[in-house]
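> Below is protein.txt; it holds compact mmCIF, C-alpha atoms and all ligand atoms.
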# COMPACT_ATOMS: atom_id res chain seq x y z
CA MET B 19 -21.32 -33.40 67.99
CA LYS B 20 -20.01 -32.59 71.41
CA ALA B 21 -19.32 -28.96 70.58
CA MET B 22 -22.86 -28.56 69.25
CA SER B 23 -24.48 -29.81 72.41
CA MET B 24 -23.38 -26.75 74.39
CA TYR B 25 -26.05 -24.84 72.49
CA THR B 26 -29.77 -24.89 73.14
CA GLU B 27 -32.09 -25.97 70.36
CA LYS B 28 -33.19 -22.39 69.90
CA VAL B 29 -29.62 -21.22 69.37
CA MET B 30 -29.09 -23.95 66.80
CA ASP B 31 -32.35 -23.07 65.07
CA HIS B 32 -31.42 -19.40 64.74
CA PHE B 33 -27.90 -20.30 63.67
CA MET B 34 -29.07 -22.71 60.97
CA HIS B 35 -32.03 -20.57 59.87
CA PRO B 36 -31.18 -16.95 60.67
CA ARG B 37 -34.13 -14.55 60.51
CA ASN B 38 -33.80 -11.19 58.79
CA MET B 39 -30.29 -11.71 57.53
CA GLY B 40 -29.07 -9.23 54.94
CA GLU B 41 -28.73 -5.55 54.34
CA ILE B 42 -31.17 -2.64 54.03
CA SER B 43 -29.70 -0.50 51.28
CA ASP B 44 -31.69 2.62 52.20
CA ALA B 45 -31.42 2.09 55.96
CA ASP B 46 -32.28 4.98 58.29
CA GLY B 47 -29.56 3.87 60.69
CA VAL B 48 -26.63 1.47 60.65
CA GLY B 49 -24.74 0.10 63.63
CA ARG B 50 -21.41 -1.65 63.37
CA VAL B 51 -19.60 -3.34 66.19
CA GLY B 52 -16.51 -5.44 66.38
CA ASN B 53 -15.81 -7.92 69.11
CA PRO B 54 -12.33 -7.20 70.47
CA ILE B 55 -12.10 -10.67 71.97
CA CYS B 56 -12.48 -12.63 68.75
CA GLY B 57 -12.39 -10.05 65.95
CA ASP B 58 -15.91 -10.85 64.73
CA VAL B 59 -17.97 -8.06 63.19
CA MET B 60 -21.70 -7.37 63.04
CA TYR B 61 -23.84 -4.81 61.23
CA VAL B 62 -27.44 -3.93 62.09
CA TYR B 63 -29.62 -1.98 59.64
CA ILE B 64 -32.87 -0.32 60.67
CA LYS B 65 -35.83 1.38 59.03
CA VAL B 66 -37.80 3.68 61.33
CA LYS B 67 -41.41 4.71 60.97
CA ASP B 68 -43.38 6.74 63.54
CA ASP B 69 -40.56 6.18 66.04
CA ARG B 70 -40.85 2.40 65.67
CA LEU B 71 -38.55 -0.17 64.10
CA ALA B 72 -40.42 -0.91 60.90
CA ASP B 73 -37.64 -3.15 59.59
CA ILE B 74 -34.39 -4.54 60.88
CA LYS B 75 -31.75 -6.71 59.27
CA PHE B 76 -28.27 -7.86 60.17
CA LYS B 77 -25.04 -9.06 58.68
CA THR B 78 -22.70 -10.96 60.94
CA MET B 79 -19.27 -12.28 60.26
CA GLY B 80 -18.97 -14.30 63.40
CA CYS B 81 -19.55 -17.46 65.34
CA ALA B 82 -22.74 -19.45 65.83
CA SER B 83 -23.67 -17.50 68.98
CA ALA B 84 -23.13 -14.16 67.25
CA ILE B 85 -25.36 -15.21 64.36
CA ALA B 86 -28.06 -16.65 66.64
CA THR B 87 -28.10 -13.55 68.88
CA SER B 88 -28.32 -11.19 65.93
CA SER B 89 -31.09 -13.26 64.40
CA ILE B 90 -33.16 -13.30 67.57
CA ILE B 91 -32.64 -9.64 68.37
CA THR B 92 -34.19 -8.71 65.02
CA GLU B 93 -37.32 -10.61 66.06
CA MET B 94 -37.31 -9.09 69.54
CA ALA B 95 -36.83 -5.53 68.30
CA ARG B 96 -39.09 -5.39 65.24
CA GLY B 97 -42.17 -3.25 65.86
CA LYS B 98 -40.82 -1.81 69.10
CA THR B 99 -40.41 1.91 69.70
CA LEU B 100 -36.82 3.10 69.65
CA ASP B 101 -36.82 3.62 73.41
CA GLU B 102 -38.16 0.10 74.00
CA ALA B 103 -35.58 -1.36 71.63
CA LEU B 104 -32.79 0.46 73.46
CA LYS B 105 -33.76 -1.38 76.63
CA ILE B 106 -33.00 -4.82 75.16
CA THR B 107 -29.95 -6.04 77.06
CA ARG B 108 -27.37 -8.70 76.38
CA ASP B 109 -28.96 -10.79 79.08
CA ASP B 110 -32.41 -10.48 77.49
CA VAL B 111 -30.98 -11.79 74.25
CA ALA B 112 -29.24 -14.74 75.90
CA LYS B 113 -32.36 -15.52 77.94
CA GLU B 114 -34.56 -15.48 74.87
CA LEU B 115 -32.28 -18.10 73.34
CA GLY B 116 -32.59 -20.31 76.41
CA GLY B 117 -29.09 -19.42 77.56
CA LEU B 118 -25.65 -19.38 76.02
CA PRO B 119 -22.59 -21.30 77.15
CA PRO B 120 -20.64 -19.09 79.60
CA ILE B 121 -17.62 -18.82 77.31
CA LYS B 122 -19.96 -17.55 74.61
CA MET B 123 -21.65 -14.80 76.60
CA HIS B 124 -19.29 -12.19 75.13
CA CYS B 125 -20.78 -12.99 71.74
CA SER B 126 -24.21 -11.80 72.85
CA ASN B 127 -22.76 -8.32 73.43
CA LEU B 128 -22.51 -7.72 69.72
CA ALA B 129 -26.20 -7.88 68.92
CA ALA B 130 -27.39 -5.55 71.68
CA ASP B 131 -24.56 -3.10 71.04
CA ALA B 132 -25.04 -3.07 67.27
CA LEU B 133 -28.76 -2.38 67.68
CA LYS B 134 -28.01 0.52 70.05
CA LYS B 135 -25.51 1.95 67.62
CA ALA B 136 -27.97 1.72 64.74
CA ILE B 137 -30.55 3.67 66.76
CA GLU B 138 -27.93 6.25 67.78
CA ASP B 139 -26.93 6.57 64.14
CA TYR B 140 -30.56 7.16 63.15
CA ARG B 141 -30.98 9.80 65.86
CA SER B 142 -27.78 11.61 64.96
CA ARG B 143 -28.77 11.71 61.27
CA LYS B 144 -32.08 13.30 62.19
CA LYS B 145 -30.45 16.17 64.04
FE1 LIG V 201 -16.76 -13.95 68.06
FE2 LIG V 201 -18.63 -15.27 69.21
S1 LIG V 201 -16.59 -15.92 68.97
S2 LIG V 201 -18.75 -13.27 68.46
Output the structure of this file as structure tokens.


Amino acid sequence: MKAMSMYTEKVMDHFMHPRNMGEISDADGVGRVGNPICGDVMYVYIKVKDDRLADIKFKTMGCASAIATSSIITEMARGKTLDEALKITRDDVAKELGGLPPIKMHCSNLAADALKKAIEDYRSRKK
């Protein structure tokens, strides 16, 4: 119980009930990042329509914070233009969750980085 209490309710909610988990088989862009600190891996899949994120899903093999941050970033990014989505920072993600324990801040890097990579992937495919 003690370990759980370092997390806000919102983190626990997104960890226990992740939103938009899964894969988009015909994704327009895919971002993959690994966390060098812990070895966890995350994938973000996006569908783009009229320069907006029409759909976004994630697959995360990682800790509770990594799953919660990926879940919430899908909600934050959906419907945004690509440029708006690129502006979502690690801090935005942590803030949206009501904060993360300091030793878990590195976990929030994954979600923001994976989203950026997915958008870069989409843009490079279009060229
Ligand atoms: Fe690996 Fe959190 S411990 S992402």

> Which is closest to ligand LIG 201 (chain V) among B:Phe33, B:Ser142, B:Asp46, B:Asp73, if we use all atoms listed in the file?

B:Phe33

> Would you kindly identify which residues have an atom no farther than 9 Å from (-33.5, -14.0, 59.7), using all atoms listed in the file and the file's own coordinates, and write them out as a list in words?

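With a cut-off of 9 Å, the residues come to His32, His35, Pro36, Arg37, Asn38, Met39, Gly40, Lys75, Phe76, Ser88, Ser89, Ile90, Thr92 and Glu93 of chain B.
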
> When you look at Gly97 (chain B) with a cut-off of 10 Å (counting only C-alpha atoms), what residues show up, excluding the ones that are within fewer than 5 positions of it in the same chain? I need them as a ChimeraX atom specification.

/B:66-67,69-74,92,102-103

> As number ranges by chain, please: every protein or nucleic acid residue near ligand LIG 201 (chain V) (cut-off 10 Å, counting only C-alpha atoms and all ligand atoms).

B: 52-60, 78-87, 121-129

> One decimal, in Å: what's the spacing between CA of Lys28 (chain B) and CA of Lys98 (chain B)?

22.0 Å

> Find the residue from B:Leu104, B:Ile64, B:Met94, B:Met24 that sits nearest to Ser43 (chain B); use all atoms listed in the file when measuring.

B:Ile64

> Return the single residue from B:Asp68, B:Val51, B:Thr26, B:Lys77 that is closest to Lys134 (chain B), with distances computed using all atoms listed in the file.

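The closest residue to Lys134 (chain B) is B:Val51.
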
> Using all atoms listed in the file, which protein or nucleic acid residues come within 12 Å of Asp139 (chain B)? Drop anything in the same chain fewer than 3 positions from it, and give the result as a list of chain:residue names.

B:Ala45, B:Asp46, B:Gly47, B:Val48, B:Gly49, B:Arg50, B:Val62, B:Tyr63, B:Ile64, B:Lys65, B:Val66, B:Leu100, B:Ala132, B:Leu133, B:Lys134, B:Lys135, B:Ala136, B:Ser142, B:Arg143, B:Lys144, B:Lys145

> Grab the CA of Lys105 (chain B) to CA of Ile137 (chain B) distance for me, in Å with one decimal place.

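So the answer is 11.5 Å.
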
> To one decimal in Å, tell me the separation between CA of Asp101 (chain B) and CA of Glu114 (chain B).

19.3 Å

> Just save region 54-69 of chain B with all heavy atoms, as a PDB file, in the first residue's frame.


ATOM      1  N   PRO B  54      16.499   4.381 -21.327  1.00  0.00           N
ATOM      2  CA  PRO B  54      17.812   3.795 -21.017  1.00  0.00           C
ATOM      3  C   PRO B  54      18.002   3.533 -19.524  1.00  0.00           C
ATOM      4  O   PRO B  54      18.802   2.705 -19.137  1.00  0.00           O
ATOM      5  CB  PRO B  54      18.804   4.847 -21.520  1.00  0.00           C
ATOM      6  CG  PRO B  54      18.035   6.109 -21.630  1.00  0.00           C
ATOM      7  CD  PRO B  54      16.589   5.736 -21.843  1.00  0.00           C
ATOM      8  N   ILE B  55      17.209   4.226 -18.708  1.00  0.00           N
ATOM      9  CA  ILE B  55      17.397   4.072 -17.260  1.00  0.00           C
ATOM     10  C   ILE B  55      16.844   2.730 -16.775  1.00  0.00           C
ATOM     11  O   ILE B  55      17.460   2.045 -15.970  1.00  0.00           O
ATOM     12  CB  ILE B  55      16.740   5.251 -16.499  1.00  0.00           C
ATOM     13  CG1 ILE B  55      17.432   6.548 -16.924  1.00  0.00           C
ATOM     14  CG2 ILE B  55      16.836   5.050 -14.987  1.00  0.00           C
ATOM     15  CD1 ILE B  55      16.825   7.812 -16.363  1.00  0.00           C
ATOM     16  N   CYS B  56      15.686   2.349 -17.311  1.00  0.00           N
ATOM     17  CA  CYS B  56      15.050   1.133 -16.798  1.00  0.00           C
ATOM     18  C   CYS B  56      14.855   0.055 -17.851  1.00  0.00           C
ATOM     19  O   CYS B  56      14.513  -1.069 -17.524  1.00  0.00           O
ATOM     20  CB  CYS B  56      13.686   1.478 -16.208  1.00  0.00           C
ATOM     21  SG  CYS B  56      12.618   2.195 -17.470  1.00  0.00           S
ATOM     22  N   GLY B  57      15.047   0.403 -19.141  1.00  0.00           N
ATOM     23  CA  GLY B  57      14.870  -0.591 -20.194  1.00  0.00           C
ATOM     24  C   GLY B  57      13.438  -0.727 -20.677  1.00  0.00           C
ATOM     25  O   GLY B  57      13.142  -1.566 -21.526  1.00  0.00           O
ATOM     26  N   ASP B  58      12.517   0.085 -20.158  1.00  0.00           N
ATOM     27  CA  ASP B  58      11.131   0.009 -20.598  1.00  0.00           C
ATOM     28  C   ASP B  58      10.976   0.569 -22.013  1.00  0.00           C
ATOM     29  O   ASP B  58      11.758   1.404 -22.448  1.00  0.00           O
ATOM     30  CB  ASP B  58      10.214   0.772 -19.638  1.00  0.00           C
ATOM     31  CG  ASP B  58      10.098   0.064 -18.298  1.00  0.00           C
ATOM     32  OD1 ASP B  58      10.477  -1.111 -18.232  1.00  0.00           O
ATOM     33  OD2 ASP B  58       9.627   0.686 -17.340  1.00  0.00           O
ATOM     34  N   VAL B  59       9.937   0.097 -22.709  1.00  0.00           N
ATOM     35  CA  VAL B  59       9.745   0.475 -24.109  1.00  0.00           C
ATOM     36  C   VAL B  59       8.305   0.914 -24.335  1.00  0.00           C
ATOM     37  O   VAL B  59       7.380   0.342 -23.757  1.00  0.00           O
ATOM     38  CB  VAL B  59      10.037  -0.716 -25.057  1.00  0.00           C
ATOM     39  CG1 VAL B  59       9.841  -0.309 -26.504  1.00  0.00           C
ATOM     40  CG2 VAL B  59      11.444  -1.238 -24.842  1.00  0.00           C
ATOM     41  N   MET B  60       8.138   1.931 -25.189  1.00  0.00           N
ATOM     42  CA  MET B  60       6.804   2.426 -25.498  1.00  0.00           C
ATOM     43  C   MET B  60       6.658   2.678 -27.000  1.00  0.00           C
ATOM     44  O   MET B  60       7.585   3.153 -27.640  1.00  0.00           O
ATOM     45  CB  MET B  60       6.569   3.727 -24.745  1.00  0.00           C
ATOM     46  CG  MET B  60       5.228   4.373 -25.033  1.00  0.00           C
ATOM     47  SD  MET B  60       5.116   5.971 -24.227  1.00  0.00           S
ATOM     48  CE  MET B  60       5.334   5.527 -22.521  1.00  0.00           C
ATOM     49  N   TYR B  61       5.483   2.354 -27.525  1.00  0.00           N
ATOM     50  CA  TYR B  61       5.156   2.654 -28.914  1.00  0.00           C
ATOM     51  C   TYR B  61       3.952   3.588 -28.944  1.00  0.00           C
ATOM     52  O   TYR B  61       2.998   3.380 -28.188  1.00  0.00           O
ATOM     53  CB  TYR B  61       4.755   1.397 -29.684  1.00  0.00           C
ATOM     54  CG  TYR B  61       5.869   0.411 -29.882  1.00  0.00           C
ATOM     55  CD1 TYR B  61       6.147  -0.541 -28.910  1.00  0.00           C
ATOM     56  CD2 TYR B  61       6.634   0.431 -31.041  1.00  0.00           C
ATOM     57  CE1 TYR B  61       7.177  -1.460 -29.088  1.00  0.00           C
ATOM     58  CE2 TYR B  61       7.657  -0.481 -31.233  1.00  0.00           C
ATOM     59  CZ  TYR B  61       7.920  -1.424 -30.245  1.00  0.00           C
ATOM     60  OH  TYR B  61       8.939  -2.326 -30.421  1.00  0.00           O
ATOM     61  N   VAL B  62       3.986   4.575 -29.837  1.00  0.00           N
ATOM     62  CA  VAL B  62       2.811   5.424 -30.056  1.00  0.00           C
ATOM     63  C   VAL B  62       2.446   5.345 -31.534  1.00  0.00           C
ATOM     64  O   VAL B  62       3.315   5.445 -32.410  1.00  0.00           O
ATOM     65  CB  VAL B  62       3.088   6.885 -29.635  1.00  0.00           C
ATOM     66  CG1 VAL B  62       2.017   7.821 -30.177  1.00  0.00           C
ATOM     67  CG2 VAL B  62       3.132   6.999 -28.113  1.00  0.00           C
ATOM     68  N   TYR B  63       1.177   5.104 -31.808  1.00  0.00           N
ATOM     69  CA  TYR B  63       0.654   4.994 -33.176  1.00  0.00           C
ATOM     70  C   TYR B  63      -0.287   6.152 -33.441  1.00  0.00           C
ATOM     71  O   TYR B  63      -1.148   6.441 -32.601  1.00  0.00           O
ATOM     72  CB  TYR B  63      -0.135   3.688 -33.353  1.00  0.00           C
ATOM     73  CG  TYR B  63       0.638   2.462 -32.965  1.00  0.00           C
ATOM     74  CD1 TYR B  63       0.662   2.026 -31.638  1.00  0.00           C
ATOM     75  CD2 TYR B  63       1.348   1.730 -33.915  1.00  0.00           C
ATOM     76  CE1 TYR B  63       1.382   0.904 -31.261  1.00  0.00           C
ATOM     77  CE2 TYR B  63       2.072   0.608 -33.553  1.00  0.00           C
ATOM     78  CZ  TYR B  63       2.080   0.198 -32.224  1.00  0.00           C
ATOM     79  OH  TYR B  63       2.796  -0.909 -31.855  1.00  0.00           O
ATOM     80  N   ILE B  64      -0.159   6.783 -34.597  1.00  0.00           N
ATOM     81  CA  ILE B  64      -1.061   7.903 -34.895  1.00  0.00           C
ATOM     82  C   ILE B  64      -1.706   7.765 -36.279  1.00  0.00           C
ATOM     83  O   ILE B  64      -1.122   7.197 -37.203  1.00  0.00           O
ATOM     84  CB  ILE B  64      -0.335   9.275 -34.817  1.00  0.00           C
ATOM     85  CG1 ILE B  64       0.887   9.321 -35.748  1.00  0.00           C
ATOM     86  CG2 ILE B  64       0.044   9.610 -33.391  1.00  0.00           C
ATOM     87  CD1 ILE B  64       1.480  10.731 -35.902  1.00  0.00           C
ATOM     88  N   LYS B  65      -2.922   8.292 -36.355  1.00  0.00           N
ATOM     89  CA  LYS B  65      -3.617   8.485 -37.621  1.00  0.00           C
ATOM     90  C   LYS B  65      -3.766   9.990 -37.791  1.00  0.00           C
ATOM     91  O   LYS B  65      -4.168  10.673 -36.847  1.00  0.00           O
ATOM     92  CB  LYS B  65      -5.020   7.878 -37.575  1.00  0.00           C
ATOM     93  CG  LYS B  65      -5.097   6.394 -37.790  1.00  0.00           C
ATOM     94  CD  LYS B  65      -4.531   5.970 -39.089  1.00  0.00           C
ATOM     95  CE  LYS B  65      -5.534   5.701 -40.166  1.00  0.00           C
ATOM     96  NZ  LYS B  65      -4.836   5.172 -41.367  1.00  0.00           N
ATOM     97  N   VAL B  66      -3.459  10.495 -38.967  1.00  0.00           N
ATOM     98  CA  VAL B  66      -3.495  11.938 -39.193  1.00  0.00           C
ATOM     99  C   VAL B  66      -4.525  12.263 -40.264  1.00  0.00           C
ATOM    100  O   VAL B  66      -4.597  11.594 -41.300  1.00  0.00           O
ATOM    101  CB  VAL B  66      -2.109  12.454 -39.628  1.00  0.00           C
ATOM    102  CG1 VAL B  66      -2.138  13.954 -39.859  1.00  0.00           C
ATOM    103  CG2 VAL B  66      -1.061  12.106 -38.584  1.00  0.00           C
ATOM    104  N   LYS B  67      -5.347  13.267 -39.959  1.00  0.00           N
ATOM    105  CA  LYS B  67      -6.311  13.744 -40.943  1.00  0.00           C
ATOM    106  C   LYS B  67      -6.337  15.262 -40.907  1.00  0.00           C
ATOM    107  O   LYS B  67      -6.474  15.839 -39.828  1.00  0.00           O
ATOM    108  CB  LYS B  67      -7.702  13.183 -40.617  1.00  0.00           C
ATOM    109  CG  LYS B  67      -8.516  13.009 -41.856  1.00  0.00           C
ATOM    110  CD  LYS B  67      -9.856  12.362 -41.639  1.00  0.00           C
ATOM    111  CE  LYS B  67     -10.673  12.610 -42.875  1.00  0.00           C
ATOM    112  NZ  LYS B  67     -11.984  13.145 -42.586  1.00  0.00           N
ATOM    113  N   ASP B  68      -6.196  15.890 -42.080  1.00  0.00           N
ATOM    114  CA  ASP B  68      -6.173  17.358 -42.168  1.00  0.00           C
ATOM    115  C   ASP B  68      -5.198  17.953 -41.158  1.00  0.00           C
ATOM    116  O   ASP B  68      -5.525  18.922 -40.457  1.00  0.00           O
ATOM    117  CB  ASP B  68      -7.566  17.940 -41.940  1.00  0.00           C
ATOM    118  CG  ASP B  68      -8.569  17.402 -42.947  1.00  0.00           C
ATOM    119  OD1 ASP B  68      -8.140  17.074 -44.077  1.00  0.00           O
ATOM    120  OD2 ASP B  68      -9.752  17.283 -42.597  1.00  0.00           O
ATOM    121  N   ASP B  69      -4.032  17.347 -41.045  1.00  0.00           N
ATOM    122  CA  ASP B  69      -2.970  17.842 -40.164  1.00  0.00           C
ATOM    123  C   ASP B  69      -3.308  17.748 -38.675  1.00  0.00           C
ATOM    124  O   ASP B  69      -2.670  18.363 -37.837  1.00  0.00           O
ATOM    125  CB  ASP B  69      -2.603  19.286 -40.532  1.00  0.00           C
ATOM    126  CG  ASP B  69      -1.163  19.596 -40.143  1.00  0.00           C
ATOM    127  OD1 ASP B  69      -0.291  18.760 -40.450  1.00  0.00           O
ATOM    128  OD2 ASP B  69      -0.924  20.632 -39.512  1.00  0.00           O
TER     129      ASP B  69
END
